[in-house]
$ cat query13.pdb   # PDB, C-alpha atoms, pLDDT in the B column
MODEL        1
ATOM      1  CA  MET A 823     -22.081 -18.192 -10.750  1.00 63.00           C
ATOM      2  CA  LYS A 824     -18.911 -17.592  -8.732  1.00 69.00           C
ATOM      3  CA  ARG A 825     -16.937 -14.485  -9.593  1.00 76.00           C
ATOM      4  CA  THR A 826     -13.272 -15.006 -10.478  1.00 88.00           C
ATOM      5  CA  ASN A 827     -10.877 -12.559  -8.891  1.00 92.00           C
ATOM      6  CA  LYS A 828      -8.728 -10.518 -11.250  1.00 94.00           C
ATOM      7  CA  LEU A 829      -5.011  -9.863 -10.958  1.00 95.00           C
ATOM      8  CA  LEU A 830      -4.861  -6.087 -11.266  1.00 96.00           C
ATOM      9  CA  PRO A 831      -1.963  -4.275 -12.956  1.00 95.00           C
ATOM     10  CA  ILE A 832       0.336  -2.562 -10.464  1.00 95.00           C
ATOM     11  CA  ARG A 833       1.144   1.105 -10.972  1.00 95.00           C
ATOM     12  CA  LEU A 834       4.887   1.715 -10.670  1.00 94.00           C
ATOM     13  CA  TYR A 835       6.975   4.609  -9.404  1.00 95.00           C
ATOM     14  CA  GLY A 836       6.698   7.456 -11.890  1.00 92.00           C
ATOM     15  CA  ASP A 837       2.960   6.928 -12.353  1.00 94.00           C
ATOM     16  CA  ALA A 838       1.107  10.148 -11.485  1.00 93.00           C
ATOM     17  CA  ILE A 839      -1.610   8.405  -9.426  1.00 96.00           C
ATOM     18  CA  LEU A 840       0.972   7.390  -6.814  1.00 97.00           C
ATOM     19  CA  ARG A 841       1.495  11.091  -6.035  1.00 96.00           C
ATOM     20  CA  GLU A 842      -2.179  11.999  -5.594  1.00 97.00           C
ATOM     21  CA  LYS A 843      -3.726  12.573  -2.172  1.00 98.00           C
ATOM     22  CA  LEU A 844      -6.935  10.576  -2.324  1.00 98.00           C
ATOM     23  CA  ALA A 845     -10.214  12.044  -1.097  1.00 97.00           C
ATOM     24  CA  GLU A 846     -12.474  10.220   1.335  1.00 97.00           C
ATOM     25  CA  SER A 847     -14.550   7.540  -0.371  1.00 97.00           C
ATOM     26  CA  ASP A 848     -18.223   6.636  -0.115  1.00 95.00           C
ATOM     27  CA  VAL A 849     -18.191   3.267   1.651  1.00 94.00           C
ATOM     28  CA  ASN A 850     -21.402   2.301  -0.163  1.00 92.00           C
ATOM     29  CA  ASP A 851     -19.925   2.916  -3.620  1.00 94.00           C
ATOM     30  CA  LEU A 852     -20.472  -0.268  -5.618  1.00 95.00           C
ATOM     31  CA  GLY A 853     -17.181   0.261  -7.447  1.00 95.00           C
ATOM     32  CA  LEU A 854     -15.309   0.363  -4.137  1.00 96.00           C
ATOM     33  CA  LEU A 855     -17.019  -2.799  -2.918  1.00 95.00           C
ATOM     34  CA  ALA A 856     -16.360  -4.574  -6.223  1.00 96.00           C
ATOM     35  CA  LEU A 857     -12.661  -3.649  -6.113  1.00 97.00           C
ATOM     36  CA  ILE A 858     -11.993  -5.210  -2.694  1.00 97.00           C
ATOM     37  CA  PRO A 859     -11.775  -8.903  -3.726  1.00 97.00           C
ATOM     38  CA  ASP A 860      -9.458  -8.050  -6.636  1.00 97.00           C
ATOM     39  CA  LEU A 861      -7.306  -5.803  -4.428  1.00 98.00           C
ATOM     40  CA  VAL A 862      -6.930  -8.603  -1.862  1.00 97.00           C
ATOM     41  CA  TYR A 863      -6.227 -11.199  -4.560  1.00 96.00           C
ATOM     42  CA  THR A 864      -3.616  -8.967  -6.203  1.00 96.00           C
ATOM     43  CA  MET A 865      -1.862  -8.320  -2.882  1.00 96.00           C
ATOM     44  CA  TYR A 866      -1.428 -12.052  -2.297  1.00 94.00           C
ATOM     45  CA  GLU A 867      -0.475 -12.865  -5.886  1.00 93.00           C
ATOM     46  CA  ARG A 868       2.238 -10.171  -5.782  1.00 92.00           C
ATOM     47  CA  ASP A 869       3.498 -11.556  -2.438  1.00 89.00           C
ATOM     48  CA  GLY A 870       2.651  -8.306  -0.708  1.00 92.00           C
ATOM     49  CA  VAL A 871       1.629  -7.674   2.882  1.00 94.00           C
ATOM     50  CA  GLY A 872      -0.301  -4.544   1.937  1.00 97.00           C
ATOM     51  CA  LEU A 873      -1.719  -2.844  -1.134  1.00 98.00           C
ATOM     52  CA  ALA A 874      -3.338   0.566  -1.538  1.00 98.00           C
ATOM     53  CA  ALA A 875      -6.091   1.187  -4.086  1.00 98.00           C
ATOM     54  CA  ASN A 876      -4.083   3.814  -5.979  1.00 98.00           C
ATOM     55  CA  GLN A 877      -1.344   1.211  -6.567  1.00 97.00           C
ATOM     56  CA  VAL A 878      -3.807  -0.483  -8.937  1.00 97.00           C
ATOM     57  CA  GLY A 879      -5.027   2.768 -10.476  1.00 96.00           C
ATOM     58  CA  SER A 880      -8.080   3.384  -8.285  1.00 97.00           C
ATOM     59  CA  HIS A 881      -8.936   6.653  -6.532  1.00 97.00           C
ATOM     60  CA  PHE A 882     -10.703   4.998  -3.585  1.00 98.00           C
ATOM     61  CA  ARG A 883      -9.189   5.930  -0.213  1.00 98.00           C
ATOM     62  CA  MET A 884      -8.598   2.395   1.012  1.00 98.00           C
ATOM     63  CA  PHE A 885      -5.981  -0.264   1.403  1.00 98.00           C
ATOM     64  CA  VAL A 886      -5.759  -3.899   2.391  1.00 98.00           C
ATOM     65  CA  ILE A 887      -3.156  -5.450   4.681  1.00 98.00           C
ATOM     66  CA  ASP A 888      -2.188  -8.891   5.936  1.00 96.00           C
ATOM     67  CA  PRO A 889       1.193  -8.423   7.600  1.00 92.00           C
ATOM     68  CA  HIS A 890       1.442 -11.886   9.138  1.00 85.00           C
ATOM     69  CA  TRP A 891       0.416 -14.441   6.515  1.00 78.00           C
ATOM     70  CA  SER A 892       3.696 -14.809   4.622  1.00 68.00           C
ATOM     71  CA  ARG A 893       6.048 -14.492   7.582  1.00 61.00           C
ATOM     72  CA  GLU A 894       4.380 -16.897   9.960  1.00 63.00           C
ATOM     73  CA  ASP A 895       2.816 -19.431   7.574  1.00 72.00           C
ATOM     74  CA  LEU A 896      -0.610 -18.382   8.751  1.00 76.00           C
ATOM     75  CA  ALA A 897      -3.772 -18.601   6.696  1.00 84.00           C
ATOM     76  CA  PRO A 898      -4.615 -15.403   4.827  1.00 88.00           C
ATOM     77  CA  ASN A 899      -6.525 -12.930   7.000  1.00 92.00           C
ATOM     78  CA  PRO A 900      -6.866  -9.680   5.044  1.00 96.00           C
ATOM     79  CA  ILE A 901      -7.965  -6.478   6.751  1.00 97.00           C
ATOM     80  CA  VAL A 902      -9.587  -3.852   4.530  1.00 98.00           C
ATOM     81  CA  MET A 903      -9.248  -0.273   5.764  1.00 98.00           C
ATOM     82  CA  ILE A 904     -11.498   2.290   4.097  1.00 98.00           C
ATOM     83  CA  ASN A 905     -11.020   6.002   4.856  1.00 98.00           C
ATOM     84  CA  PRO A 906      -8.361   5.297   7.503  1.00 98.00           C
ATOM     85  CA  VAL A 907      -7.124   7.942   9.932  1.00 98.00           C
ATOM     86  CA  ILE A 908      -4.006   7.482  12.041  1.00 98.00           C
ATOM     87  CA  GLU A 909      -5.181   8.811  15.393  1.00 98.00           C
ATOM     88  CA  SER A 910      -1.922   8.559  17.350  1.00 98.00           C
ATOM     89  CA  THR A 911       1.673   7.385  17.078  1.00 98.00           C
ATOM     90  CA  GLU A 912       4.409   6.685  19.593  1.00 98.00           C
ATOM     91  CA  GLY A 913       7.946   5.401  19.690  1.00 98.00           C
ATOM     92  CA  GLU A 914      10.192   4.772  16.719  1.00 97.00           C
ATOM     93  CA  ILE A 915      11.234   1.740  14.739  1.00 97.00           C
ATOM     94  CA  VAL A 916      13.651   1.549  11.815  1.00 96.00           C
ATOM     95  CA  GLY A 917      13.479  -1.213   9.261  1.00 95.00           C
ATOM     96  CA  GLU A 918      14.093  -2.024   5.642  1.00 96.00           C
ATOM     97  CA  GLU A 919      11.079  -1.436   3.421  1.00 96.00           C
ATOM     98  CA  GLY A 920      10.265  -2.310  -0.133  1.00 95.00           C
ATOM     99  CA  CYS A 921       7.153  -1.751  -2.216  1.00 96.00           C
ATOM    100  CA  ILE A 922       5.270  -3.534  -4.970  1.00 95.00           C
ATOM    101  CA  SER A 923       5.249  -0.206  -6.859  1.00 96.00           C
ATOM    102  CA  LEU A 924       9.041   0.168  -6.542  1.00 95.00           C
ATOM    103  CA  PRO A 925      10.342  -3.302  -7.490  1.00 93.00           C
ATOM    104  CA  GLY A 926      13.945  -4.008  -6.523  1.00 92.00           C
ATOM    105  CA  ILE A 927      14.259  -0.893  -4.353  1.00 95.00           C
ATOM    106  CA  TYR A 928      14.787  -1.196  -0.596  1.00 96.00           C
ATOM    107  CA  ALA A 929      15.817   1.257   2.121  1.00 96.00           C
ATOM    108  CA  ASP A 930      15.689   1.747   5.878  1.00 96.00           C
ATOM    109  CA  VAL A 931      12.735   3.882   6.938  1.00 97.00           C
ATOM    110  CA  HIS A 932      11.943   5.452  10.332  1.00 96.00           C
ATOM    111  CA  ARG A 933       8.346   4.817  11.409  1.00 98.00           C
ATOM    112  CA  ALA A 934       6.286   5.005  14.581  1.00 98.00           C
ATOM    113  CA  ALA A 935       6.611   1.803  16.608  1.00 98.00           C
ATOM    114  CA  ARG A 936       2.981   1.898  17.776  1.00 98.00           C
ATOM    115  CA  ILE A 937      -0.084   3.458  16.216  1.00 98.00           C
ATOM    116  CA  THR A 938      -3.807   3.758  16.701  1.00 98.00           C
ATOM    117  CA  ILE A 939      -5.808   3.858  13.484  1.00 98.00           C
ATOM    118  CA  SER A 940      -9.519   4.262  12.842  1.00 98.00           C
ATOM    119  CA  TYR A 941     -11.110   3.037   9.625  1.00 98.00           C
ATOM    120  CA  THR A 942     -14.315   1.770   8.090  1.00 98.00           C
ATOM    121  CA  ASN A 943     -14.465  -1.978   7.480  1.00 96.00           C
ATOM    122  CA  VAL A 944     -16.167  -3.765   4.563  1.00 94.00           C
ATOM    123  CA  GLU A 945     -19.425  -3.973   6.543  1.00 94.00           C
ATOM    124  CA  GLY A 946     -19.467  -0.169   6.792  1.00 95.00           C
ATOM    125  CA  ASN A 947     -18.645  -0.035  10.513  1.00 97.00           C
ATOM    126  CA  ARG A 948     -16.104   2.406  11.933  1.00 97.00           C
ATOM    127  CA  GLN A 949     -13.429   0.655  13.998  1.00 97.00           C
ATOM    128  CA  THR A 950     -10.272   1.520  15.903  1.00 98.00           C
ATOM    129  CA  LYS A 951      -7.194  -0.685  15.899  1.00 98.00           C
ATOM    130  CA  ASN A 952      -3.934  -0.538  17.837  1.00 98.00           C
ATOM    131  CA  ALA A 953      -0.902  -1.915  16.033  1.00 98.00           C
ATOM    132  CA  GLU A 954       2.770  -2.187  16.804  1.00 97.00           C
ATOM    133  CA  GLY A 955       5.998  -3.373  15.238  1.00 96.00           C
ATOM    134  CA  PHE A 956       5.795  -4.789  11.731  1.00 95.00           C
ATOM    135  CA  GLU A 957       1.997  -4.462  11.545  1.00 96.00           C
ATOM    136  CA  ALA A 958       2.244  -0.747  12.428  1.00 98.00           C
ATOM    137  CA  VAL A 959       4.912  -0.289   9.748  1.00 98.00           C
ATOM    138  CA  VAL A 960       2.760  -1.969   7.081  1.00 97.00           C
ATOM    139  CA  ILE A 961      -0.239   0.205   7.979  1.00 98.00           C
ATOM    140  CA  GLN A 962       1.831   3.417   7.890  1.00 98.00           C
ATOM    141  CA  HIS A 963       3.386   2.426   4.540  1.00 98.00           C
ATOM    142  CA  GLU A 964      -0.034   1.850   2.937  1.00 98.00           C
ATOM    143  CA  TYR A 965      -1.520   4.920   4.617  1.00 98.00           C
ATOM    144  CA  ASP A 966       1.232   7.028   3.073  1.00 98.00           C
ATOM    145  CA  HIS A 967       0.225   5.770  -0.385  1.00 98.00           C
ATOM    146  CA  LEU A 968      -3.237   7.276   0.146  1.00 98.00           C
ATOM    147  CA  ASP A 969      -1.563  10.645   0.707  1.00 98.00           C
ATOM    148  CA  GLY A 970       0.665  10.392  -2.378  1.00 98.00           C
ATOM    149  CA  ILE A 971       3.783   9.447  -0.414  1.00 98.00           C
ATOM    150  CA  VAL A 972       6.122   6.570  -1.294  1.00 97.00           C
ATOM    151  CA  PHE A 973       8.601   5.150   1.198  1.00 97.00           C
ATOM    152  CA  THR A 974      11.617   6.658  -0.576  1.00 96.00           C
ATOM    153  CA  ASP A 975      10.226  10.108   0.347  1.00 96.00           C
ATOM    154  CA  LYS A 976      10.980   9.227   3.976  1.00 96.00           C
ATOM    155  CA  ILE A 977      14.630   8.224   3.640  1.00 94.00           C
ATOM    156  CA  GLY A 978      17.737  10.321   4.225  1.00 90.00           C
ATOM    157  CA  THR A 979      19.567  12.268   1.550  1.00 90.00           C
ATOM    158  CA  LEU A 980      22.501   9.868   1.304  1.00 91.00           C
ATOM    159  CA  ALA A 981      20.238   6.824   0.980  1.00 90.00           C
ATOM    160  CA  LYS A 982      18.178   8.662  -1.642  1.00 91.00           C
ATOM    161  CA  LEU A 983      21.324   9.518  -3.621  1.00 92.00           C
ATOM    162  CA  LYS A 984      22.254   5.821  -3.677  1.00 92.00           C
ATOM    163  CA  LEU A 985      18.833   4.983  -5.146  1.00 94.00           C
ATOM    164  CA  LYS A 986      18.623   7.975  -7.502  1.00 92.00           C
ATOM    165  CA  ARG A 987      19.591   6.038 -10.645  1.00 92.00           C
ATOM    166  CA  LYS A 988      17.170   3.153  -9.967  1.00 92.00           C
ATOM    167  CA  LEU A 989      14.328   5.570  -9.221  1.00 92.00           C
ATOM    168  CA  LYS A 990      15.080   7.618 -12.339  1.00 91.00           C
ATOM    169  CA  ASP A 991      15.145   4.468 -14.507  1.00 89.00           C
ATOM    170  CA  LEU A 992      11.854   3.251 -13.051  1.00 88.00           C
ATOM    171  CA  ALA A 993      10.145   6.640 -13.493  1.00 87.00           C
ATOM    172  CA  ALA A 994      11.441   6.911 -17.078  1.00 85.00           C
ATOM    173  CA  LYS A 995       9.277   3.934 -18.038  1.00 80.00           C
ATOM    174  CA  ALA A 996       6.116   5.939 -17.378  1.00 73.00           C
ATOM    175  CA  VAL A 997       4.187   6.922 -20.495  1.00 72.00           C
ATOM    176  CA  ASP A 998       1.907   9.932 -20.069  1.00 70.00           C
ATOM    177  CA  GLY A 999       2.325   9.582 -16.306  1.00 69.00           C
ATOM    178  CA  VAL A1000       1.285   5.906 -16.297  1.00 76.00           C
ATOM    179  CA  ASN A1001       3.730   3.154 -15.425  1.00 78.00           C
ATOM    180  CA  ILE A1002       2.247  -0.354 -15.094  1.00 79.00           C
ATOM    181  CA  MET A1003       3.530  -3.827 -14.215  1.00 74.00           C
ATOM    182  CA  GLU A1004       1.074  -6.342 -15.623  1.00 67.00           C
ATOM    183  CA  ASP A1005       2.959  -9.622 -15.571  1.00 56.00           C
ATOM    184  CA  LEU A1006       4.212 -11.380 -12.482  1.00 45.00           C
ATOM    185  CA  PRO A1007       7.949 -10.887 -12.081  1.00 44.00           C
ATOM    186  CA  GLU A1008      10.060 -13.906 -12.932  1.00 39.00           C
TER     187      GLU A1008
ENDMDL
END

$ encode --input "query13.pdb" --output "structure tokens"
Amino acid sequence: MKRTNKLLPIRLYGDAILREKLAESDVNDLGLLALIPDLVYTMYERDGVGLAANQVGSHFRMFVIDPHWSREDLAPNPIVMINPVIESTEGEIVGEEGCISLPGIYADVHRAARITISYTNVEGNRQTKNAEGFEAVVIQHEYDHLDGIVFTDKIGTLAKLKLKRKLKDLAAKAVDGVNIMEDLPE
């Protein structure tokens, strides 16, 4: 019998799990392996180009990305990165970022233009990948989530002041540190 992928609830800004630094995960953990198809499915259903496990309430140190599918009308080609480590960075790029966990909030963020990242893939093999431009930005954004950092932590004081009210309103919706978006936005 074929398993049906589940749309997972997204944890929103103000939820305590988004501020946790996640510990390295056991790549053979059956829970981690079972989460991957739902994490990928949720990323696509939410029109994202990346999604970290803690954004759906999981403590696994992993994220999934597919930075090209929606922009270039390409077929989905998700990359799962378990226990990633950014090995090197160079250059700088500035671009507007948003986040599934911070709906309606956008700001310019400074990131490295090129990175080298090592990670374990779904087959349990350690790999190294070089990325640049938009792909490098997506990886750094999701990597930050694993360390409890959201993109608004990386913006200037003036930009943060402009977003203060929106961030405060979003965080105020958290109940006992949990803030969840379950339905697709209209």

$ atom_distance --input "query13.pdb" --atom1 "atom CA of A:Lys986" --atom2 "atom CA of A:Leu861"
29.5 Å

$ residues_around --input "query13.pdb" --residues "A:Val849" --least-positions-apart "3" --cutoff "10 Å" --atoms "all atoms listed in the file" --output "list in words"
Glu846, Leu852, Gly853, Leu854, Leu855, Phe882, Arg883, Met884, Ile904, Asn905, Thr942, Asn943, Val944, Glu945, Gly946 and Asn947 of chain A

$ closest_residue --input "query13.pdb" --among "A:Met865, A:Leu989, A:Ile939, A:Ile832" --to "A:Ser923" --atoms "all atoms listed in the file"
A:Ile832

$ closest_residue --input "query13.pdb" --among "A:Glu919, A:Glu909, A:Asp966, A:Asp869" --to "A:Glu842" --atoms "all atoms listed in the file"
A:Asp966

$ atom_distance --input "query13.pdb" --atom1 "atom CA of A:Ala953" --atom2 "atom CA of A:Ile915"
12.7 Å

$ atom_distance --input "query13.pdb" --atom1 "atom CA of A:Val972" --atom2 "atom CA of A:Val907"
17.4 Å

$ axis_aligned_box --input "query13.pdb" --around "stretch 870-878 of chain A" --padding-each-side "6 Å" --output "JSON"
{"center_x": -1.7, "center_y": -2.2, "center_z": -3.0, "size_x": 20.7, "size_y": 24.1, "size_z": 23.8}

$ residues_near_point --input "query13.pdb" --point "(10.6, 0.5, 14.2)" --cutoff "10 Å" --atoms "all atoms listed in the file" --output "PyMOL selection string"
chain A and resi 913-918+930-936+954-956+958-959

$ closest_residue --input "query13.pdb" --among "A:Ala897, A:Ala845, A:Val878, A:Ile1002" --to "A:Lys828" --atoms "only C-alpha atoms"
A:Val878

$ resolve_selection --input "query13.pdb" --expression "the PyMOL selection byres ((chain A and resi 1003) around 12)" --output "VMD selection string"
chain A and resid 829 to 837 864 868 877 to 879 922 to 925 992 995 to 996 1000 to 1002 1004 to 1007

$ closest_residue --input "query13.pdb" --among "A:Val871, A:Leu985, A:Val862, A:Leu857" --to "A:Trp891" --atoms "only C-alpha atoms"
A:Val871

$ closest_residue --input "query13.pdb" --among "A:Gln949, A:Tyr965, A:Thr826, A:Ala929" --to "A:Leu983" --atoms "only C-alpha atoms"
A:Ala929

$ closest_residue --input "query13.pdb" --among "A:Ile839, A:Leu844, A:Ile901, A:Cys921" --to "A:Ile858" --atoms "only C-alpha atoms"
A:Ile901
